[in-house]
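Visitor: The following file, input.cif, comprises mmCIF, C-alpha atoms:
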data_input
loop_
_atom_site.label_atom_id
_atom_site.label_comp_id
_atom_site.auth_asym_id
_atom_site.auth_seq_id
_atom_site.Cartn_x
_atom_site.Cartn_y
_atom_site.Cartn_z
CA THR R 1 -73.21 -23.59 -65.35
CA ASP R 2 -73.79 -21.24 -68.31
CA ASP R 3 -71.27 -18.41 -67.90
CA ARG R 4 -70.67 -19.17 -64.21
CA LEU R 5 -67.84 -21.17 -62.73
CA ARG R 6 -69.33 -22.72 -59.60
CA LEU R 7 -66.66 -23.64 -57.06
CA THR R 8 -69.14 -25.00 -54.51
CA PRO R 9 -72.89 -25.48 -54.35
CA SER R 10 -74.91 -23.95 -51.52
CA ALA R 11 -74.55 -26.90 -49.15
CA PRO R 12 -72.52 -27.59 -45.99
CA GLY R 13 -69.01 -29.03 -46.06
CA MET R 14 -68.11 -28.43 -49.71
CA THR R 15 -64.70 -27.56 -51.18
CA GLY R 16 -63.75 -26.78 -54.76
CA ALA R 17 -60.98 -25.44 -56.98
CA ALA R 18 -60.42 -24.56 -60.64
CA TRP R 19 -57.11 -23.82 -62.37
CA LEU R 20 -56.03 -22.68 -65.80
CA ALA R 21 -54.68 -25.64 -67.74
CA GLN R 22 -51.32 -23.98 -68.41
CA LYS R 23 -49.04 -22.11 -66.05
CA ARG R 24 -48.97 -18.36 -66.48
CA ALA R 25 -46.13 -15.87 -66.11
CA VAL R 26 -46.66 -14.01 -62.84
CA ALA R 27 -43.24 -12.78 -61.67
CA GLY R 28 -43.05 -9.97 -64.23
CA GLY R 29 -46.43 -8.53 -63.34
CA PHE R 30 -50.05 -9.30 -64.23
CA VAL R 31 -53.60 -8.02 -64.13
CA ALA R 32 -56.47 -10.37 -63.30
CA ASP R 33 -60.06 -9.16 -63.77
CA PHE R 34 -62.99 -11.22 -62.60
CA ALA R 35 -66.33 -11.01 -60.86
CA PHE R 36 -68.00 -13.26 -58.33
CA ALA R 37 -71.36 -13.77 -56.64
CA LEU R 38 -71.96 -15.56 -53.33
CA SER R 39 -75.62 -16.49 -52.96
CA LEU R 40 -78.16 -19.01 -51.73
CA ASP R 41 -80.27 -21.17 -54.01
CA ALA R 42 -83.68 -19.72 -54.82
CA ASP R 43 -85.47 -22.21 -52.55
CA GLN R 44 -83.14 -21.68 -49.59
CA ARG R 45 -84.18 -19.28 -46.84
CA LEU R 46 -81.34 -19.67 -44.33
CA PRO R 47 -77.58 -20.08 -44.96
CA GLY R 48 -76.85 -22.15 -41.85
CA PRO R 49 -76.36 -21.60 -38.12
CA CYS R 50 -76.20 -18.33 -36.22
CA ALA R 51 -73.15 -16.23 -36.98
CA THR R 52 -72.76 -15.66 -33.22
CA ALA R 53 -72.47 -18.77 -31.07
CA GLY R 54 -75.04 -19.02 -28.28
CA ALA R 55 -77.34 -16.36 -29.73
CA MET R 56 -81.05 -16.76 -28.99
CA GLU R 57 -83.11 -17.72 -32.02
CA GLU R 58 -84.98 -14.41 -32.09
CA ARG R 59 -81.63 -12.58 -32.13
CA CYS R 60 -79.88 -14.97 -34.47
CA ARG R 61 -78.10 -13.42 -37.42
CA ARG R 62 -77.19 -15.83 -40.17
CA ARG R 63 -74.61 -15.35 -42.90
CA GLY R 64 -73.29 -17.37 -45.83
CA GLY R 65 -69.85 -18.96 -45.56
CA SER R 66 -67.07 -19.45 -45.95
CA GLY R 67 -65.62 -17.57 -48.97
CA LEU R 68 -63.45 -17.90 -52.04
CA ALA R 69 -59.88 -17.06 -53.01
CA PHE R 70 -57.81 -16.20 -56.05
CA VAL R 71 -54.70 -18.37 -55.77
CA LEU R 72 -51.43 -18.69 -57.62
CA GLN R 73 -49.28 -21.69 -56.76
CA ASN R 74 -46.48 -23.79 -58.18
CA HIS R 75 -47.31 -27.06 -56.45
CA ALA R 76 -49.75 -29.14 -58.50
CA GLU R 77 -51.99 -28.84 -61.53
CA HIS R 78 -55.07 -30.02 -59.62
CA ALA R 79 -54.27 -28.73 -56.13
CA LEU R 80 -57.06 -28.67 -53.54
CA GLY R 81 -56.61 -27.56 -49.96
CA GLU R 82 -58.65 -27.71 -46.78
CA GLY R 83 -62.33 -26.81 -46.60
CA GLY R 84 -64.25 -24.80 -44.04
CA ALA R 85 -62.07 -21.98 -42.72
CA GLY R 86 -59.32 -23.12 -45.12
CA LEU R 87 -61.30 -21.75 -48.11
CA GLY R 88 -59.89 -24.53 -50.29
CA PHE R 89 -56.32 -23.16 -50.33
CA ALA R 90 -54.97 -23.90 -46.85
CA GLY R 91 -52.42 -26.72 -47.07
CA ILE R 92 -51.30 -26.00 -50.64
CA PRO R 93 -47.52 -25.35 -50.64
CA ASN R 94 -45.65 -22.66 -52.51
CA GLY R 95 -48.44 -20.22 -53.21
CA LEU R 96 -50.18 -16.94 -52.51
CA ALA R 97 -53.90 -16.46 -51.88
CA VAL R 98 -56.13 -13.41 -52.07
CA GLU R 99 -59.12 -14.39 -49.97
CA PHE R 100 -62.63 -12.95 -50.01
CA ASP R 101 -63.83 -14.24 -46.66
CA THR R 102 -67.44 -14.00 -45.49
CA TRP R 103 -67.36 -15.86 -42.17
CA HIS R 104 -65.61 -14.91 -38.93
CA ASP R 105 -63.33 -17.72 -37.73
CA PRO R 106 -61.74 -16.68 -34.41
CA GLU R 107 -59.21 -19.52 -34.55
CA ALA R 108 -57.94 -18.08 -37.84
CA ARG R 109 -57.65 -14.62 -36.27
CA ASP R 110 -59.96 -13.21 -38.93
CA PRO R 111 -60.21 -9.41 -38.72
CA GLY R 112 -63.98 -9.63 -39.22
CA GLU R 113 -66.73 -11.61 -40.85
CA ASN R 114 -66.42 -9.71 -44.15
CA HIS R 115 -62.86 -9.06 -45.29
CA VAL R 116 -60.19 -9.33 -47.97
CA ALA R 117 -56.68 -10.55 -47.18
CA VAL R 118 -53.47 -11.56 -48.96
CA LEU R 119 -51.69 -14.55 -47.43
CA THR R 120 -48.50 -16.46 -48.20
CA ARG R 121 -45.83 -18.46 -46.40
CA GLY R 122 -43.46 -18.49 -49.33
CA ALA R 123 -42.61 -22.05 -50.39
CA LEU R 124 -44.29 -23.48 -47.26
CA GLU R 125 -47.93 -24.56 -47.09
CA LEU R 126 -50.51 -21.82 -47.28
CA ARG R 127 -52.57 -21.18 -44.16
CA SER R 128 -55.79 -19.23 -43.79
CA GLU R 129 -54.68 -18.23 -40.29
CA HIS R 130 -53.91 -14.51 -40.37
CA GLY R 131 -50.50 -14.78 -38.79
CA SER R 132 -49.36 -15.40 -42.37
CA GLN R 133 -51.10 -12.44 -43.94
CA LEU R 134 -49.30 -9.69 -45.79
CA GLY R 135 -52.28 -7.43 -45.16
CA SER R 136 -56.05 -7.37 -44.80
CA THR R 137 -59.01 -4.99 -44.80
CA VAL R 138 -62.63 -4.97 -43.69
CA GLY R 139 -63.29 -1.86 -45.78
CA VAL R 140 -65.17 -3.69 -48.52
CA PRO R 141 -68.83 -4.10 -49.54
CA ASP R 142 -70.83 -6.99 -48.13
CA LEU R 143 -69.35 -9.86 -50.15
CA ALA R 144 -72.13 -12.32 -49.22
CA ASP R 145 -75.06 -10.19 -50.36
CA GLY R 146 -75.73 -12.24 -53.50
CA ALA R 147 -74.78 -9.35 -55.80
CA ARG R 148 -72.15 -9.34 -58.50
CA HIS R 149 -68.82 -7.96 -57.26
CA ALA R 150 -66.12 -6.93 -59.72
CA VAL R 151 -62.48 -7.50 -58.75
CA ARG R 152 -59.16 -6.43 -60.23
CA LEU R 153 -55.84 -7.79 -58.98
CA GLU R 154 -52.73 -5.99 -60.17
CA TYR R 155 -49.23 -7.18 -59.40
CA ILE R 156 -46.53 -4.58 -60.11
CA PRO R 157 -42.98 -5.87 -59.50
CA ASP R 158 -41.42 -2.39 -59.53
CA TRP R 159 -41.71 -0.30 -56.39
CA ARG R 160 -42.98 3.27 -56.38
CA ASN R 161 -43.01 5.25 -53.15
CA GLU R 162 -46.54 6.49 -53.72
CA PHE R 163 -47.81 2.94 -53.19
CA ALA R 164 -46.89 3.16 -49.52
CA MET R 165 -48.67 6.51 -49.20
CA HIS R 166 -52.04 5.18 -50.35
CA LYS R 167 -54.70 4.65 -47.69
CA SER R 168 -55.01 0.99 -48.69
CA PHE R 169 -51.36 0.13 -47.99
CA ARG R 170 -50.74 -2.57 -45.37
CA ALA R 171 -47.50 -4.28 -44.40
CA SER R 172 -47.81 -6.89 -41.64
CA PRO R 173 -44.95 -8.14 -39.42
CA HIS R 174 -45.11 -11.41 -41.37
CA LEU R 175 -43.37 -9.70 -44.29
CA ALA R 176 -40.17 -9.51 -42.23
CA LYS R 177 -40.20 -13.30 -41.86
CA LEU R 178 -40.40 -13.74 -45.62
CA ILE R 179 -37.55 -11.33 -46.17
CA GLU R 180 -35.41 -12.92 -43.46
CA GLY R 181 -35.85 -16.27 -45.15
CA LEU R 182 -34.09 -14.85 -48.21
CA ARG R 183 -30.90 -13.97 -46.31
CA PRO R 184 -28.64 -17.05 -46.07
CA PRO R 185 -25.99 -16.74 -43.33
CA ASP R 186 -22.40 -16.44 -44.53
CA ALA R 187 -19.30 -17.92 -42.95
CA ALA R 188 -19.24 -15.19 -40.30
CA HIS R 189 -22.87 -15.98 -39.38
CA ARG R 190 -24.07 -12.70 -40.75
CA ALA R 191 -27.11 -12.45 -43.00
CA PRO R 192 -26.18 -10.64 -46.22
CA LEU R 193 -28.98 -9.37 -48.39
CA ALA R 194 -30.13 -11.70 -51.13
CA ALA R 195 -29.49 -10.51 -54.67
CA TRP R 196 -33.10 -9.47 -55.25
CA TRP R 197 -32.98 -7.25 -52.18
CA GLN R 198 -30.61 -4.87 -53.95
CA GLY R 199 -33.41 -3.81 -56.24
CA ARG R 200 -33.08 -1.74 -59.39
CA PRO R 201 -31.24 1.58 -59.75
CA GLY R 202 -33.08 4.38 -57.97
CA PRO R 203 -34.11 5.30 -54.43
CA ALA R 204 -35.89 2.02 -53.58
CA LYS R 205 -33.40 -0.75 -52.75
CA HIS R 206 -35.55 -3.42 -51.18
CA GLY R 207 -36.70 -5.19 -54.37
CA LEU R 208 -40.36 -5.36 -53.37
CA GLY R 209 -43.29 -4.77 -55.67
CA VAL R 210 -46.95 -4.52 -54.72
CA LEU R 211 -50.14 -6.46 -55.18
CA ARG R 212 -53.18 -4.20 -55.39
CA VAL R 213 -56.74 -5.43 -54.83
CA PHE R 214 -59.74 -3.54 -56.20
CA VAL R 215 -63.35 -4.44 -55.34
CA ASP R 216 -66.22 -2.86 -57.32
CA ASP R 217 -64.36 0.44 -57.70
CA LEU R 218 -61.65 -0.50 -60.20
CA HIS R 219 -59.86 2.83 -59.89
CA ASP R 220 -59.15 2.89 -56.15
CA PRO R 221 -57.68 -0.20 -54.42
CA VAL R 222 -59.09 -1.46 -51.12
CA LEU R 223 -55.82 -3.23 -50.28
CA THR R 224 -52.19 -2.79 -51.33
CA VAL R 225 -49.48 -5.10 -49.96
CA PRO R 226 -45.72 -5.32 -50.61
CA VAL R 227 -44.53 -8.60 -52.11
CA ASN R 228 -41.97 -10.02 -54.53
CA LEU R 229 -43.47 -13.10 -56.18
CA GLY R 230 -40.24 -14.05 -57.91
CA ALA R 231 -38.35 -14.10 -54.60
CA HIS R 232 -40.97 -15.28 -52.10
CA LEU R 233 -42.21 -18.23 -54.18
CA GLU R 234 -40.33 -21.00 -55.97
CA LEU R 235 -41.69 -20.43 -59.46
CA ASP R 236 -41.14 -22.26 -62.73
CA GLN R 237 -39.15 -19.65 -64.67
CA GLY R 238 -41.51 -17.02 -63.28
CA ARG R 239 -44.64 -19.08 -63.95
CA ALA R 240 -47.30 -20.66 -61.72
CA TRP R 241 -50.76 -22.19 -61.90
CA VAL R 242 -53.48 -19.61 -61.43
CA GLY R 243 -57.06 -20.19 -60.34
CA PHE R 244 -59.72 -20.09 -57.66
CA THR R 245 -60.68 -22.06 -54.57
CA GLY R 246 -63.72 -21.90 -52.31
CA SER R 247 -65.40 -23.74 -49.47
CA THR R 248 -68.39 -23.93 -47.17
CA GLY R 249 -68.57 -25.05 -43.55
CA GLU R 250 -71.67 -25.36 -41.41
CA SER R 251 -72.73 -22.13 -43.08
CA PHE R 252 -72.97 -22.23 -46.85
CA GLN R 253 -73.59 -20.40 -50.12
CA ASN R 254 -72.92 -20.82 -53.81
CA HIS R 255 -69.42 -19.64 -54.71
CA GLU R 256 -69.47 -18.58 -58.34
CA VAL R 257 -66.92 -16.82 -60.54
CA LEU R 258 -68.57 -14.73 -63.26
CA GLY R 259 -66.07 -14.22 -66.06
CA TRP R 260 -62.30 -13.91 -65.80
CA SER R 261 -59.40 -12.47 -67.76
CA PHE R 262 -55.68 -12.73 -66.98
CA SER R 263 -53.07 -10.54 -68.66
CA GLU R 264 -49.33 -11.05 -68.29
CA ARG R 265 -47.30 -7.86 -68.24
CA ARG R 266 -43.95 -9.39 -69.19
#
Could you rewrite the structure in this file as structure tokens?
Guide:
Amino acid sequence: TDDRLRLTPSAPGMTGAAWLAQKRAVAGGFVADFAFALSLDADQRLPGPCATAGAMEERCRRRGGSGLAFVLQNHAEHALGEGGAGLGFAGIPNGLAVEFDTWHDPEARDPGENHVAVLTRGALELRSEHGSQLGSTVGVPDLADGARHAVRLEYIPDWRNEFAMHKSFRASPHLAKLIEGLRPPDAAHRAPLAAWWQGRPGPAKHGLGVLRVFVDDLHDPVLTVPVNLGAHLELDQGRAWVGFTGSTGESFQNHEVLGWSFSERR
């Protein structure tokens, strides 16, 4: 509507997705700038049930759900995943999601009701369950406050040691599973390093880059995670479909993207 891309209306049980018509080069680095707003309709007073199960009505705290995600994937032009806690991306193979989650789902091992996370299972189906996260943070503004939130995503394929020194850096145990999957056993049943693992000349030999996530403050990231898109995903000559997904559950809100630019670095 107008200059807004509405992924879901403010109603229960909705799921939506939108993708650029052409694949974009992602393996060589990119910058994606966009904004979003998560809000109720003007005539809506409550966003759904209590955020805490079993809470008495007078102590009930309600919150909009479930959230949206920036997703890159090399599966299908019109991919759409699971709704509710799946945020519209769970179930899509061969992708990576940056989720902006506004509802606490204990079964997904969410770190909190208001968080940002980067999730991938390589070429396998994406899951919103946080066992497949590369990193997450709750150190973000209230994403469901109805205000406009500016986001920058920056993928840098070349490692610099200062990335790991930043306060936003996270590296979950799941990263080791992705790396191990890139080490085919040889005849002696050892696991030699894959070619990408050798990296470029210099002190860093692991071949990882970083994905940095900025929210509102576009100079200081809230989350930095190590990843190698060209190795962890099965891309089409370094390219993938890029877009957004979102969903509601019993709790709901409008999920709207307000402007978007995508710049390939190589």
Visitor: Which residues, named as in the file, does the PyMOL selection byres ((chain R and resi 18-28) around 6) pick out? Answer as a ChimeraX atom specification.
Guide: /R:17,29-30,229-230,238-244,266
Visitor: My list of candidates is R:Gly67, R:Val227, R:Arg148, R:Pro9. Which is closest to Thr120 (chain R) when distances are computed with only C-alpha atoms?
Guide: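 Closest to Thr120 (chain R) of all the choices is R:Val227.
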Visitor: Quote the spacing between CA of His174 (chain R) and CA of Asp33 (chain R) in Å to one decimal place.
Guide: 27.0 Å
Visitor: I need the residue nearest Phe100 (chain R) from this list: R:Ser263, R:Ser172, R:Asn228, R:Ser247. Use only C-alpha atoms for the distance.
Guide: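 That would be R:Ser247, the residue with the smallest distance to Phe100 (chain R).
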Visitor: Show me as a PyMOL selection string the residues that reach within 7 Å of (-43.9, -18.1, -52.4), counting all atoms listed in the file and using the file's own coordinates.
Guide: chain R and resi 94-96+120-123+229+232-234
Visitor: Tell me which residues the PyMOL selection byres ((chain R and resi 44) around 12) grabs here, as a VMD selection string.
Guide: chain R and resid 9 to 11 39 to 43 45 to 48 64 252 to 254
Visitor: Excluding Leu87 (chain R) and its own-chain neighbours fewer than 2 positions away, which residues fall within 12 Å of it when counting all atoms listed in the file? Please give them as an mmCIF file with C-alpha atoms, in the coordinates of the input.
Guide:
data_model
loop_
_atom_site.group_PDB
_atom_site.id
_atom_site.type_symbol
_atom_site.label_atom_id
_atom_site.label_comp_id
_atom_site.auth_asym_id
_atom_site.auth_seq_id
_atom_site.Cartn_x
_atom_site.Cartn_y
_atom_site.Cartn_z
ATOM 1 C CA LEU R 7 -66.660 -23.640 -57.060
ATOM 2 C CA THR R 8 -69.140 -25.000 -54.510
ATOM 3 C CA GLY R 13 -69.010 -29.030 -46.060
ATOM 4 C CA MET R 14 -68.110 -28.430 -49.710
ATOM 5 C CA THR R 15 -64.700 -27.560 -51.180
ATOM 6 C CA GLY R 16 -63.750 -26.780 -54.760
ATOM 7 C CA ALA R 17 -60.980 -25.440 -56.980
ATOM 8 C CA GLY R 65 -69.850 -18.960 -45.560
ATOM 9 C CA SER R 66 -67.070 -19.450 -45.950
ATOM 10 C CA GLY R 67 -65.620 -17.570 -48.970
ATOM 11 C CA LEU R 68 -63.450 -17.900 -52.040
ATOM 12 C CA ALA R 69 -59.880 -17.060 -53.010
ATOM 13 C CA PHE R 70 -57.810 -16.200 -56.050
ATOM 14 C CA VAL R 71 -54.700 -18.370 -55.770
ATOM 15 C CA LEU R 80 -57.060 -28.670 -53.540
ATOM 16 C CA GLY R 81 -56.610 -27.560 -49.960
ATOM 17 C CA GLU R 82 -58.650 -27.710 -46.780
ATOM 18 C CA GLY R 83 -62.330 -26.810 -46.600
ATOM 19 C CA GLY R 84 -64.250 -24.800 -44.040
ATOM 20 C CA ALA R 85 -62.070 -21.980 -42.720
ATOM 21 C CA PHE R 89 -56.320 -23.160 -50.330
ATOM 22 C CA ALA R 90 -54.970 -23.900 -46.850
ATOM 23 C CA GLY R 91 -52.420 -26.720 -47.070
ATOM 24 C CA ILE R 92 -51.300 -26.000 -50.640
ATOM 25 C CA ALA R 97 -53.900 -16.460 -51.880
ATOM 26 C CA VAL R 98 -56.130 -13.410 -52.070
ATOM 27 C CA GLU R 99 -59.120 -14.390 -49.970
ATOM 28 C CA PHE R 100 -62.630 -12.950 -50.010
ATOM 29 C CA ASP R 101 -63.830 -14.240 -46.660
ATOM 30 C CA THR R 102 -67.440 -14.000 -45.490
ATOM 31 C CA TRP R 103 -67.360 -15.860 -42.170
ATOM 32 C CA ASP R 105 -63.330 -17.720 -37.730
ATOM 33 C CA ALA R 108 -57.940 -18.080 -37.840
ATOM 34 C CA LEU R 126 -50.510 -21.820 -47.280
ATOM 35 C CA ARG R 127 -52.570 -21.180 -44.160
ATOM 36 C CA SER R 128 -55.790 -19.230 -43.790
ATOM 37 C CA GLU R 129 -54.680 -18.230 -40.290
ATOM 38 C CA PHE R 244 -59.720 -20.090 -57.660
ATOM 39 C CA THR R 245 -60.680 -22.060 -54.570
ATOM 40 C CA GLY R 246 -63.720 -21.900 -52.310
ATOM 41 C CA SER R 247 -65.400 -23.740 -49.470
ATOM 42 C CA THR R 248 -68.390 -23.930 -47.170
ATOM 43 C CA GLY R 249 -68.570 -25.050 -43.550
ATOM 44 C CA PHE R 252 -72.970 -22.230 -46.850
ATOM 45 C CA HIS R 255 -69.420 -19.640 -54.710
#
Visitor: Go ahead and compute the interatomic distance for CA of Pro106 (chain R) and CA of Cys50 (chain R), in Å to one decimal.
Guide: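 CA of Pro106 (chain R) sits 14.7 Å away from CA of Cys50 (chain R).
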Visitor: Of the candidates R:Val215, R:Leu235, R:Ala150, R:Leu175, which one gets nearest to Pro93 (chain R) if we count all atoms listed in the file?
Guide: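 Of R:Val215, R:Leu235, R:Ala150, R:Leu175, the one nearest Pro93 (chain R) is R:Leu235, counting all atoms listed in the file.
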Visitor: Hey, what's within 12 Å of Val213 (chain R) if we count all atoms listed in the file and toss same-chain stuff fewer than 5 positions away? As a PyMOL selection string, please?
Guide: chain R and resi 31-34+70+97-100+115-118+135-137+139-140+150-156+168-170+218-226
Visitor: Closest to His149 (chain R) among R:Glu250, R:Asp110, R:Asp3, R:Glu256, using all atoms listed in the file?
Guide: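 Closest to His149 (chain R) of all the choices is R:Glu256.
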Visitor: Could the centre and edge lengths of an axis-aligned box, enclosing all atoms of region 34-37 of chain R in the file with 3 Å extra on each side, be given in Å to one decimal as JSON?
Guide:
{"center_x": -67.2, "center_y": -12.4, "center_z": -59.6, "size_x": 14.4, "size_y": 8.8, "size_z": 12.0}
Visitor: Just checking: using all atoms listed in the file, which residue out of R:His130, R:Arg212, R:Gln73, R:Ser251 ends up closest to Lys167 (chain R)?
Guide: R:Arg212
Visitor: Distance CA of Ile179 (chain R)-CA of Ala231 (chain R), one decimal place?
Guide: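 Going from CA of Ile179 (chain R) over to CA of Ala231 (chain R), I get 8.9 Å.
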Visitor: For the file shown, report as a PyMOL selection string the outcome of the PyMOL selection byres ((chain R and resi 160-163) around 8) at residue level.
Guide: chain R and resi 158-159+164-166+169+204+210+224
